[in-house]
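K.L.:
Hey, dropping protein.pdb in here, PDB, C-alpha atoms, pLDDT in the B column:
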ATOM      1  CA  MET Y   1       3.585 243.963  22.705  1.00 68.00           C
ATOM      2  CA  ASN Y   2       1.527 240.770  22.685  1.00 84.00           C
ATOM      3  CA  ARG Y   3       1.964 238.901  25.948  1.00 79.00           C
ATOM      4  CA  PHE Y   4       0.756 235.502  27.094  1.00 82.00           C
ATOM      5  CA  ILE Y   5       0.561 235.547  30.880  1.00 78.00           C
ATOM      6  CA  GLU Y   6       0.943 232.575  33.241  1.00 79.00           C
ATOM      7  CA  GLY Y   7       0.981 232.576  37.022  1.00 73.00           C
ATOM      8  CA  ALA Y   8      -0.060 230.880  40.235  1.00 70.00           C
ATOM      9  CA  ASN Y   9      -3.696 230.957  41.342  1.00 70.00           C
ATOM     10  CA  GLN Y  10      -2.674 232.490  44.664  1.00 71.00           C
ATOM     11  CA  ILE Y  11      -0.781 235.770  44.897  1.00 71.00           C
ATOM     12  CA  GLU Y  12       2.560 235.167  46.566  1.00 68.00           C
ATOM     13  CA  THR Y  13       3.824 238.753  46.399  1.00 69.00           C
ATOM     14  CA  PRO Y  14       1.425 241.482  45.231  1.00 68.00           C
ATOM     15  CA  SER Y  15       2.654 243.296  42.150  1.00 69.00           C
ATOM     16  CA  PRO Y  16       2.647 247.086  41.828  1.00 71.00           C
ATOM     17  CA  ASN Y  17       1.181 246.419  38.353  1.00 69.00           C
ATOM     18  CA  LYS Y  18      -2.423 245.800  39.477  1.00 66.00           C
ATOM     19  CA  ILE Y  19      -3.382 243.729  36.425  1.00 69.00           C
ATOM     20  CA  GLU Y  20      -0.825 241.135  37.531  1.00 69.00           C
ATOM     21  CA  ASN Y  21      -2.836 240.656  40.745  1.00 67.00           C
ATOM     22  CA  TRP Y  22      -5.949 239.414  38.898  1.00 71.00           C
ATOM     23  CA  ARG Y  23      -6.784 235.799  39.633  1.00 75.00           C
ATOM     24  CA  PRO Y  24      -9.413 233.492  38.093  1.00 76.00           C
ATOM     25  CA  GLN Y  25     -11.181 232.877  41.403  1.00 81.00           C
ATOM     26  CA  HIS Y  26     -11.862 236.621  41.782  1.00 82.00           C
ATOM     27  CA  PHE Y  27     -14.027 236.459  38.666  1.00 85.00           C
ATOM     28  CA  LEU Y  28     -15.451 232.995  39.318  1.00 87.00           C
ATOM     29  CA  GLU Y  29     -16.737 233.873  42.807  1.00 90.00           C
ATOM     30  CA  ALA Y  30     -18.537 236.914  41.344  1.00 90.00           C
ATOM     31  CA  LEU Y  31     -19.955 235.078  38.311  1.00 89.00           C
ATOM     32  CA  LEU Y  32     -21.009 231.859  40.046  1.00 90.00           C
ATOM     33  CA  VAL Y  33     -22.446 232.584  43.486  1.00 92.00           C
ATOM     34  CA  ARG Y  34     -21.502 229.870  45.950  1.00 92.00           C
ATOM     35  CA  PRO Y  35     -24.552 228.239  47.607  1.00 94.00           C
ATOM     36  CA  ILE Y  36     -25.177 228.769  51.307  1.00 93.00           C
ATOM     37  CA  ASP Y  37     -23.667 226.098  53.537  1.00 91.00           C
ATOM     38  CA  THR Y  38     -26.451 225.665  56.109  1.00 88.00           C
ATOM     39  CA  ILE Y  39     -24.132 223.673  58.399  1.00 86.00           C
ATOM     40  CA  GLN Y  40     -21.172 226.102  58.428  1.00 86.00           C
ATOM     41  CA  GLU Y  41     -22.966 229.435  57.842  1.00 91.00           C
ATOM     42  CA  ARG Y  42     -25.650 231.237  59.835  1.00 94.00           C
ATOM     43  CA  THR Y  43     -27.968 233.632  58.018  1.00 95.00           C
ATOM     44  CA  PHE Y  44     -29.597 236.910  59.013  1.00 95.00           C
ATOM     45  CA  LEU Y  45     -32.108 238.874  56.957  1.00 96.00           C
ATOM     46  CA  GLU Y  46     -32.305 242.666  57.017  1.00 96.00           C
ATOM     47  CA  ASN Y  47     -34.877 244.918  55.362  1.00 95.00           C
ATOM     48  CA  PHE Y  48     -32.821 247.883  54.129  1.00 94.00           C
ATOM     49  CA  THR Y  49     -34.526 250.999  52.799  1.00 92.00           C
ATOM     50  CA  ASP Y  50     -33.163 254.510  52.217  1.00 91.00           C
ATOM     51  CA  GLU Y  51     -33.578 257.250  49.590  1.00 91.00           C
ATOM     52  CA  ASP Y  52     -31.825 255.183  46.904  1.00 86.00           C
ATOM     53  CA  ASN Y  53     -32.372 251.536  47.874  1.00 85.00           C
ATOM     54  CA  ALA Y  54     -35.079 249.086  48.800  1.00 94.00           C
ATOM     55  CA  ALA Y  55     -33.345 245.774  49.384  1.00 95.00           C
ATOM     56  CA  TYR Y  56     -33.289 242.652  51.453  1.00 97.00           C
ATOM     57  CA  ILE Y  57     -29.777 241.966  52.736  1.00 97.00           C
ATOM     58  CA  LEU Y  58     -28.967 238.366  53.550  1.00 97.00           C
ATOM     59  CA  THR Y  59     -25.858 238.259  55.783  1.00 97.00           C
ATOM     60  CA  LEU Y  60     -23.924 235.024  56.216  1.00 97.00           C
ATOM     61  CA  LEU Y  61     -21.716 234.395  59.224  1.00 96.00           C
ATOM     62  CA  ALA Y  62     -19.184 231.579  59.208  1.00 92.00           C
ATOM     63  CA  THR Y  63     -17.788 229.980  62.334  1.00 87.00           C
ATOM     64  CA  THR Y  64     -14.045 229.858  62.984  1.00 84.00           C
ATOM     65  CA  SER Y  65     -12.375 226.711  64.279  1.00 83.00           C
ATOM     66  CA  GLY Y  66     -12.542 228.351  67.721  1.00 86.00           C
ATOM     67  CA  GLY Y  67     -16.322 228.750  67.440  1.00 84.00           C
ATOM     68  CA  GLN Y  68     -16.309 232.513  66.859  1.00 87.00           C
ATOM     69  CA  PRO Y  69     -18.714 233.937  64.250  1.00 91.00           C
ATOM     70  CA  VAL Y  70     -17.118 235.958  61.430  1.00 93.00           C
ATOM     71  CA  LEU Y  71     -18.689 237.925  58.619  1.00 95.00           C
ATOM     72  CA  ASP Y  72     -18.458 235.813  55.469  1.00 95.00           C
ATOM     73  CA  ARG Y  73     -20.757 237.179  52.722  1.00 96.00           C
ATOM     74  CA  GLN Y  74     -23.715 239.453  52.074  1.00 97.00           C
ATOM     75  CA  PHE Y  75     -26.299 239.202  49.321  1.00 97.00           C
ATOM     76  CA  TRP Y  76     -28.423 242.227  48.403  1.00 97.00           C
ATOM     77  CA  PHE Y  77     -31.729 241.485  46.652  1.00 97.00           C
ATOM     78  CA  GLU Y  78     -33.851 244.277  45.219  1.00 96.00           C
ATOM     79  CA  ARG Y  79     -37.235 244.014  46.877  1.00 93.00           C
ATOM     80  CA  LEU Y  80     -39.515 244.341  43.876  1.00 91.00           C
ATOM     81  CA  GLY Y  81     -38.257 241.441  41.713  1.00 91.00           C
ATOM     82  CA  LEU Y  82     -35.936 239.735  44.234  1.00 94.00           C
ATOM     83  CA  LYS Y  83     -33.020 239.831  41.781  1.00 96.00           C
ATOM     84  CA  LEU Y  84     -29.509 239.726  43.216  1.00 97.00           C
ATOM     85  CA  VAL Y  85     -28.012 243.213  42.841  1.00 97.00           C
ATOM     86  CA  ARG Y  86     -24.909 242.964  45.020  1.00 97.00           C
ATOM     87  CA  GLN Y  87     -22.652 240.395  46.652  1.00 97.00           C
ATOM     88  CA  LEU Y  88     -20.010 241.288  49.234  1.00 97.00           C
ATOM     89  CA  ILE Y  89     -17.326 238.767  50.202  1.00 96.00           C
ATOM     90  CA  PHE Y  90     -15.276 239.434  53.333  1.00 96.00           C
ATOM     91  CA  ASP Y  91     -11.947 238.242  54.709  1.00 92.00           C
ATOM     92  CA  ALA Y  92     -11.484 236.897  58.255  1.00 89.00           C
ATOM     93  CA  ALA Y  93     -11.004 240.464  59.606  1.00 91.00           C
ATOM     94  CA  GLY Y  94     -14.324 241.616  58.099  1.00 92.00           C
ATOM     95  CA  ASP Y  95     -12.728 243.679  55.321  1.00 95.00           C
ATOM     96  CA  ILE Y  96     -14.299 243.569  51.848  1.00 96.00           C
ATOM     97  CA  LEU Y  97     -12.450 241.298  49.427  1.00 93.00           C
ATOM     98  CA  THR Y  98     -15.015 241.422  46.600  1.00 95.00           C
ATOM     99  CA  ASP Y  99     -17.870 243.834  45.964  1.00 97.00           C
ATOM    100  CA  ALA Y 100     -19.811 242.487  42.965  1.00 97.00           C
ATOM    101  CA  ARG Y 101     -22.807 244.380  41.561  1.00 97.00           C
ATOM    102  CA  TYR Y 102     -25.291 242.850  39.133  1.00 97.00           C
ATOM    103  CA  SER Y 103     -27.636 244.715  36.788  1.00 97.00           C
ATOM    104  CA  ASN Y 104     -29.755 244.437  33.671  1.00 96.00           C
ATOM    105  CA  TRP Y 105     -30.922 240.877  34.302  1.00 96.00           C
ATOM    106  CA  THR Y 106     -31.694 239.132  31.009  1.00 94.00           C
ATOM    107  CA  TYR Y 107     -32.998 235.669  30.156  1.00 94.00           C
ATOM    108  CA  TYR Y 108     -30.638 233.410  28.189  1.00 92.00           C
ATOM    109  CA  ASP Y 109     -32.271 230.097  27.221  1.00 90.00           C
ATOM    110  CA  ASN Y 110     -34.876 230.745  29.970  1.00 92.00           C
ATOM    111  CA  VAL Y 111     -32.124 231.249  32.571  1.00 91.00           C
ATOM    112  CA  PRO Y 112     -31.870 234.709  34.180  1.00 93.00           C
ATOM    113  CA  PHE Y 113     -28.369 236.177  34.275  1.00 94.00           C
ATOM    114  CA  PRO Y 114     -27.108 239.749  34.736  1.00 96.00           C
ATOM    115  CA  LYS Y 115     -26.003 241.424  31.522  1.00 96.00           C
ATOM    116  CA  GLN Y 116     -23.593 243.653  33.463  1.00 97.00           C
ATOM    117  CA  ILE Y 117     -21.387 242.665  36.408  1.00 96.00           C
ATOM    118  CA  GLU Y 118     -19.099 245.127  38.184  1.00 97.00           C
ATOM    119  CA  ILE Y 119     -16.371 243.488  40.233  1.00 95.00           C
ATOM    120  CA  ASN Y 120     -14.422 245.640  42.691  1.00 95.00           C
ATOM    121  CA  ARG Y 121     -11.503 244.292  44.712  1.00 91.00           C
ATOM    122  CA  PRO Y 122     -10.636 247.151  47.120  1.00 91.00           C
ATOM    123  CA  LYS Y 123      -7.707 245.400  48.826  1.00 87.00           C
ATOM    124  CA  ASP Y 124      -6.210 244.457  45.455  1.00 83.00           C
ATOM    125  CA  GLU Y 125      -6.962 247.981  44.182  1.00 83.00           C
ATOM    126  CA  TYR Y 126      -8.713 247.099  40.951  1.00 86.00           C
ATOM    127  CA  GLY Y 127     -12.165 246.904  39.451  1.00 91.00           C
ATOM    128  CA  VAL Y 128     -13.558 245.297  36.308  1.00 92.00           C
ATOM    129  CA  VAL Y 129     -16.859 245.695  34.464  1.00 95.00           C
ATOM    130  CA  ILE Y 130     -18.080 242.660  32.527  1.00 94.00           C
ATOM    131  CA  THR Y 131     -20.808 243.150  29.930  1.00 96.00           C
ATOM    132  CA  VAL Y 132     -22.374 239.983  28.530  1.00 94.00           C
ATOM    133  CA  VAL Y 133     -22.797 240.271  24.772  1.00 94.00           C
ATOM    134  CA  LYS Y 134     -23.702 236.647  24.010  1.00 92.00           C
ATOM    135  CA  MET Y 135     -24.297 233.676  26.255  1.00 91.00           C
ATOM    136  CA  ASP Y 136     -24.868 229.997  25.545  1.00 89.00           C
ATOM    137  CA  ILE Y 137     -26.253 227.996  28.458  1.00 87.00           C
ATOM    138  CA  ASN Y 138     -25.390 224.344  29.107  1.00 86.00           C
ATOM    139  CA  THR Y 139     -23.534 223.672  25.874  1.00 88.00           C
ATOM    140  CA  PRO Y 140     -21.213 220.645  25.920  1.00 90.00           C
ATOM    141  CA  LEU Y 141     -17.566 221.461  26.592  1.00 87.00           C
ATOM    142  CA  THR Y 142     -14.598 219.351  25.589  1.00 89.00           C
ATOM    143  CA  ASP Y 143     -11.343 219.158  27.534  1.00 88.00           C
ATOM    144  CA  GLU Y 144      -9.570 221.175  24.808  1.00 85.00           C
ATOM    145  CA  ARG Y 145     -11.641 224.239  25.783  1.00 82.00           C
ATOM    146  CA  PHE Y 146      -9.767 224.302  29.117  1.00 81.00           C
ATOM    147  CA  GLU Y 147      -6.277 224.082  27.599  1.00 82.00           C
ATOM    148  CA  LEU Y 148      -5.010 227.461  26.489  1.00 82.00           C
ATOM    149  CA  GLN Y 149      -1.970 227.239  24.232  1.00 85.00           C
ATOM    150  CA  GLN Y 150       0.393 230.176  23.837  1.00 87.00           C
ATOM    151  CA  PRO Y 151      -0.422 231.898  20.529  1.00 88.00           C
ATOM    152  CA  ALA Y 152       2.341 232.296  17.958  1.00 88.00           C
ATOM    153  CA  GLY Y 153       4.100 235.654  18.047  1.00 88.00           C
ATOM    154  CA  THR Y 154       3.442 236.283  21.743  1.00 89.00           C
ATOM    155  CA  GLU Y 155       5.901 236.722  24.567  1.00 88.00           C
ATOM    156  CA  LEU Y 156       5.393 234.466  27.592  1.00 88.00           C
ATOM    157  CA  HIS Y 157       5.216 236.496  30.804  1.00 80.00           C
ATOM    158  CA  VAL Y 158       5.344 234.397  33.986  1.00 82.00           C
ATOM    159  CA  LEU Y 159       4.080 236.379  36.959  1.00 74.00           C
ATOM    160  CA  GLY Y 160       6.722 236.644  39.652  1.00 68.00           C
ATOM    161  CA  ALA Y 161       9.571 235.524  37.346  1.00 67.00           C
ATOM    162  CA  ALA Y 162      12.527 237.648  36.256  1.00 61.00           C
ATOM    163  CA  LYS Y 163      12.235 239.339  32.827  1.00 56.00           C
ATOM    164  CA  ALA Y 164      15.259 237.515  31.386  1.00 47.00           C
ATOM    165  CA  GLU Y 165      13.691 234.195  32.345  1.00 51.00           C
ATOM    166  CA  THR Y 166      10.411 234.938  30.560  1.00 46.00           C
ATOM    167  CA  ALA Y 167      11.975 236.525  27.443  1.00 49.00           C
ATOM    168  CA  ALA Y 168      13.612 233.219  26.528  1.00 49.00           C
ATOM    169  CA  LYS Y 169      10.193 231.546  26.331  1.00 54.00           C
ATOM    170  CA  SER Y 170       8.694 233.537  23.459  1.00 54.00           C
ATOM    171  CA  ALA Y 171       6.544 231.666  20.972  1.00 53.00           C
ATOM    172  CA  PRO Y 172       7.724 231.743  17.362  1.00 54.00           C
ATOM    173  CA  ALA Y 173       6.326 234.518  15.200  1.00 54.00           C
ATOM    174  CA  PRO Y 174       3.605 233.583  12.734  1.00 55.00           C
ATOM    175  CA  PRO Y 175       4.815 232.947   9.175  1.00 54.00           C
ATOM    176  CA  ALA Y 176       5.053 236.043   6.982  1.00 52.00           C
ATOM    177  CA  LYS Y 177       2.277 236.564   4.464  1.00 52.00           C
ATOM    178  CA  LYS Y 178       3.244 235.889   0.875  1.00 52.00           C
ATOM    179  CA  GLY Y 179       2.695 238.635  -1.624  1.00 50.00           C
ATOM    180  CA  LYS Y 180       4.212 241.801  -2.992  1.00 49.00           C
ATOM    181  CA  ASN Y 181       5.730 244.312  -0.614  1.00 47.00           C
ATOM    182  CA  LYS Y 182       4.700 247.899  -1.214  1.00 46.00           C
ATOM    183  CA  LYS Y 183       7.178 250.695  -0.603  1.00 42.00           C
TER     184      LYS Y 183
END
In structure tokens, write the structure found in this file.

P.N.:
Amino acid sequence: MNRFIEGANQIETPSPNKIENWRPQHFLEALLVRPIDTIQERTFLENFTDEDNAAYILTLLATTSGGQPVLDRQFWFERLGLKLVRQLIFDAAGDILTDARYSNWTYYDNVPFPKQIEINRPKDEYGVVITVVKMDINTPLTDERFELQQPAGTELHVLGAAKAETAAKSAPAPPAKKGKNKK
């Protein structure tokens, strides 16, 4: 079945089908690391070394409205080349929301970017591995690139809606190919 999926950016009720819990911001926060807010976040640097790792860990603490510090994010940099190898994003209770790991850094148009990104969302119970095959840096984008139309022959699936409601919104099938039918 070919499905075209629509849904809210925020999960209202988690679905038992884990793929329905994916949200664009989960990928965006792993792909585009948010800069440090030097006014709202305090930083601490740790030199971490064990049998398998030699990394600098930059921990960021945010301040609640009540003035309490809370764990916000951690960045792990490998010590030899100072490349980002891991980013942890935490919720207000200090639990891991996103554990993103970066490897095989490659230059694209003189811009370093990881060729492989592993995104794990333990609370949402899913993980995704992204492998960059081709990348174009700073190419102009038109507004049409951000408008995704439902392809012909697909069934619209609205996350959180009843099945009968979404079945009525199917796109028309593509026209049949002309030619001889073989039996």

K.L.:
Using all atoms listed in the file, which of Y:Asn53, Y:Leu60, Y:Asp99, Y:Ala93 sits nearest Y:Arg79?

P.N.:
Y:Asn53

K.L.:
Once the PyMOL selection byres ((chain Y and resi 116) around 9) has been applied to the shown file, what residues remain in the selection, as an MDAnalysis selection string?

P.N.:
chainID Y and resid 101:105 113:115 117:118 129:132

K.L.:
To one decimal place, how far is atom CA of Y:Glu6 from atom CA of Y:Gly153 in Å?

P.N.:
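Between atom CA of Y:Glu6 and atom CA of Y:Gly153 the gap works out to 15.8 Å.
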
K.L.:
Given the file shown, enumerate the residues that the PyMOL selection byres ((chain Y and resi 33-44) around 6) captures and present them as a PyMOL selection string.

P.N.:
chain Y and resi 29+32+45+58-62

K.L.:
With all atoms listed in the file as the atoms that count, which of Y:Trp22, Y:Pro151, Y:Leu141, Y:Gly7 lies nearest to Y:Ile119?

P.N.:
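Among the listed residues, Y:Trp22 lies closest to Y:Ile119.
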
K.L.:
Written as a PDB file with C-alpha atoms, in the coordinates of the input, which residues does the PyMOL selection byres ((chain Y and resi 75) around 6) give for the file shown?

P.N.:
ATOM      1  CA  ILE Y  57     -29.777 241.966  52.736  1.00 97.00           C
ATOM      2  CA  LEU Y  58     -28.967 238.366  53.550  1.00 97.00           C
ATOM      3  CA  GLN Y  74     -23.715 239.453  52.074  1.00 97.00           C
ATOM      4  CA  TRP Y  76     -28.423 242.227  48.403  1.00 97.00           C
ATOM      5  CA  ARG Y  86     -24.909 242.964  45.020  1.00 97.00           C
ATOM      6  CA  GLN Y  87     -22.652 240.395  46.652  1.00 97.00           C
TER       7      GLN Y  87
END

K.L.:
Separation of atom CA of Y:Ala92 and atom CA of Y:Val70, in Å?

P.N.:
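About the pair atom CA of Y:Ala92 and atom CA of Y:Val70: they are 6.5 Å apart.
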
K.L.:
Would you mind listing what lies within 10 Å of Y:Pro122 as JSON, numbers by chain, with all atoms listed in the file counted and same-chain residues fewer than 3 positions away left out?

P.N.:
{"Y": [95, 96, 97, 98, 99, 119, 125, 126, 127]}

K.L.:
Looking at Y:Val111, Y:Lys134, Y:Ala55, Y:Arg121, which one is nearest to Y:Gln25, with distances taken over only C-alpha atoms?

P.N.:
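Using only C-alpha atoms, the shortest distance to Y:Gln25 belongs to Y:Arg121.
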
K.L.:
Could you jot down the atom CA of Y:Ala100 to atom CA of Y:Glu46 separation for me, Å, one decimal place?

P.N.:
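Computing the Euclidean distance for atom CA of Y:Ala100 and atom CA of Y:Glu46 yields 18.8 Å.
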
K.L.:
Please determine, counting only C-alpha atoms, which residue among Y:Tyr108, Y:Thr63, Y:His26, Y:Pro140 has the shortest atom-to-atom distance to Y:Leu88.

P.N.:
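Distance minimum relative to Y:Leu88 lands on Y:His26.
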
K.L.:
Ranking Y:Val128, Y:Leu71, Y:Ile89, Y:Ile5 by minimum distance to Y:Leu156 and counting all atoms listed in the file, which one comes first?

P.N.:
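With all atoms listed in the file as the atom set, the closest residue is Y:Ile5.
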
K.L.:
For Y:Leu31, which residue among Y:Glu155, Y:Asp109, Y:Phe77, Y:Leu84 is the nearest when counting all atoms listed in the file?

P.N.:
Y:Leu84
